[in-house]
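As structure tokens, the structure follows; a few thoughts come after it.
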Amino acid sequence: MRFVANPPNPWLTQSIEWIGEPPPAKIEVFEETETRTIISRNDSPDVAFDYSINCYRGCIHGCTYCFSRPTHEYLDFGAGTDFERKIVVKVRAAELLRKELMKPSWQGDEIVFSFTSDPYVPLEANYKLTRACLEVCAEFRNPVGIVTKSALIRRDIDVLQTLSREASVGVYFSIPFADYEIARAVEPFAPSPKARFAAMKELADAGIQVGIGIAPTIPGLTTDIPGLLARAKECGATRAFLNQS
């Protein structure tokens, strides 16, 4: 390897460049304990919500188009394969959420899971941070929105039903491609579109409001928007949104 004095990451003074083949890559998990807040405020006119929670940084789904990749550089990680291989876990997420919802200044706005990472990355099966945060939201009767590519959300149907009764909850499944081979090429480690539609139907059958997010739309790859909408409707979806790449 050799040091590079002018790296592509603008927040670093130097980086390492491998000469020849780099060593085998593996997933690394970093438990973050110093996080002081968990609710993020968004003021962008291009985003349809004001508050979000990200229990994880980085995403194992490895979507090539993900807009969040550059945020990994703030952690001194790369925006490339580091994004899906070096995952930061905010282990105090539920504790911090409870403290923030207890503040008199909190007005009960909808909180969206997530923005920079899927709330149901495979690590959620072990850490259960998203579930713990949803349980806190249910306790406080705070409205929730969820955007995910993962069928793991079926595990939390009981909490989602409670939120549906006591506050409100809407779940959007991000499904931008109808073709499995296309999806596998650009979302290599995400569940298949078929698995996402199946999870959508299971949630709808349980009385939970579901929708489809056709995001991003990529010319030449997102080729059957009417078909995606029709299939989502068959699976119980009542809402949809579309984002252009």
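The way I read the labels, and the way they are meant: chains A, B, ... in the order of the structure tokens, residue 1 as the first residue of every chain, and ligand 1 as the first ligand shown, with later ones counted on from there.
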So that each row is one residue of region 42-122 of chain A with an atom at most 12 Å from region 129-133 of chain A, can you give its shortest atom pair and the distance in Å to one decimal, using only C-alpha atoms, rows by chain and rising number, as JSON lines?
{"residue": "A:Ser52", "atom": "CA", "partner": "A:Cys133", "partner_atom": "CA", "distance": 11.6}
{"residue": "A:Ile53", "atom": "CA", "partner": "A:Cys133", "partner_atom": "CA", "distance": 8.9}
{"residue": "A:Asn54", "atom": "CA", "partner": "A:Thr130", "partner_atom": "CA", "distance": 8.6}
{"residue": "A:Cys55", "atom": "CA", "partner": "A:Leu129", "partner_atom": "CA", "distance": 6.4}
{"residue": "A:Tyr56", "atom": "CA", "partner": "A:Leu129", "partner_atom": "CA", "distance": 8.8}
{"residue": "A:Val89", "atom": "CA", "partner": "A:Leu129", "partner_atom": "CA", "distance": 8.7}
{"residue": "A:Lys90", "atom": "CA", "partner": "A:Leu129", "partner_atom": "CA", "distance": 8.0}
{"residue": "A:Val91", "atom": "CA", "partner": "A:Leu129", "partner_atom": "CA", "distance": 7.0}
{"residue": "A:Arg92", "atom": "CA", "partner": "A:Leu129", "partner_atom": "CA", "distance": 8.3}
{"residue": "A:Ala93", "atom": "CA", "partner": "A:Leu129", "partner_atom": "CA", "distance": 6.6}
{"residue": "A:Ala94", "atom": "CA", "partner": "A:Cys133", "partner_atom": "CA", "distance": 4.8}
{"residue": "A:Glu95", "atom": "CA", "partner": "A:Cys133", "partner_atom": "CA", "distance": 8.4}
{"residue": "A:Leu96", "atom": "CA", "partner": "A:Cys133", "partner_atom": "CA", "distance": 9.3}
{"residue": "A:Leu97", "atom": "CA", "partner": "A:Cys133", "partner_atom": "CA", "distance": 6.9}
{"residue": "A:Arg98", "atom": "CA", "partner": "A:Cys133", "partner_atom": "CA", "distance": 8.3}
{"residue": "A:Lys99", "atom": "CA", "partner": "A:Cys133", "partner_atom": "CA", "distance": 11.6}
{"residue": "A:Glu100", "atom": "CA", "partner": "A:Cys133", "partner_atom": "CA", "distance": 11.7}
{"residue": "A:Leu101", "atom": "CA", "partner": "A:Cys133", "partner_atom": "CA", "distance": 11.0}
{"residue": "A:Ile111", "atom": "CA", "partner": "A:Cys133", "partner_atom": "CA", "distance": 10.4}
{"residue": "A:Val112", "atom": "CA", "partner": "A:Thr130", "partner_atom": "CA", "distance": 11.1}
{"residue": "A:Phe113", "atom": "CA", "partner": "A:Thr130", "partner_atom": "CA", "distance": 8.0}
{"residue": "A:Ser114", "atom": "CA", "partner": "A:Thr130", "partner_atom": "CA", "distance": 9.4}
{"residue": "A:Ser117", "atom": "CA", "partner": "A:Thr130", "partner_atom": "CA", "distance": 11.5}
{"residue": "A:Asp118", "atom": "CA", "partner": "A:Thr130", "partner_atom": "CA", "distance": 9.9}
{"residue": "A:Pro119", "atom": "CA", "partner": "A:Thr130", "partner_atom": "CA", "distance": 6.1}
{"residue": "A:Tyr120", "atom": "CA", "partner": "A:Thr130", "partner_atom": "CA", "distance": 7.3}
{"residue": "A:Val121", "atom": "CA", "partner": "A:Thr130", "partner_atom": "CA", "distance": 9.7}
{"residue": "A:Pro122", "atom": "CA", "partner": "A:Thr130", "partner_atom": "CA", "distance": 11.5}
Could you pull out all residues of region 61-243 of chain A with a DSSP call of alpha helix (DSSP H) and give them as a ChimeraX atom specification?
-> /A:82-85,93-101,124-127,129-140,157-166,180-186,193-205,225-234
Run DSSP on the backbone of this structure and report the residues of region 93-224 of chain A it assigns to strand (DSSP E or B), as a PyMOL selection string.
-> chain A and resi 111-113+144-148+169-174+209-217
Residue contacts of region 134-146 of chain A (6 Å, only C-alpha atoms) excluding same-chain residues fewer than 6 positions away, as a list of chain:residue names =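 These residues fall inside the cut-off: A:Gly108, A:Glu110, A:Ile111, A:Val112, A:Phe113, A:Leu163, A:Glu166, A:Ala167, A:Ser168, A:Val169, A:Gly170, A:Val171.
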Write out as a list in words each polymer residue whose atoms come within 12 Å of Ile218 (chain A), counting only C-alpha atoms; drop sequence neighbours fewer than 5 positions from it.
-> Thr64, Tyr65, Pro176, Phe177, Ile182, Ala183, Val186, Thr223, Asp224, Ile225, Leu242, Asn243, Gln244 and Ser245 of chain A
Proximity to Ser150 (chain A) - best of A:Ile39, A:Arg196, A:Phe189, A:Ile175, only C-alpha atoms =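 Closest to Ser150 (chain A) of all the choices is A:Arg196.
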May I ask which of the residues A:Glu28, A:Glu187, A:Asp50, A:Glu181 is the closest one to Phe115 (chain A), counting only C-alpha atoms?
-> A:Asp50
Pick the closest to Asp179 (chain A) from A:Gln161, A:Ala151, A:Thr222, A:Phe197: which is it, counting only C-alpha atoms?
-> A:Thr222
Counting only C-alpha atoms, the residue of A:Gly58, A:Pro104, A:Pro193, A:Pro226 that sits nearest Phe83 (chain A) =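 Of the candidates, the smallest distance to Phe83 (chain A) is held by A:Gly58.
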The distance between CA of Ala185 (chain A) and CA of Cys63 (chain A) is 8.9 Å
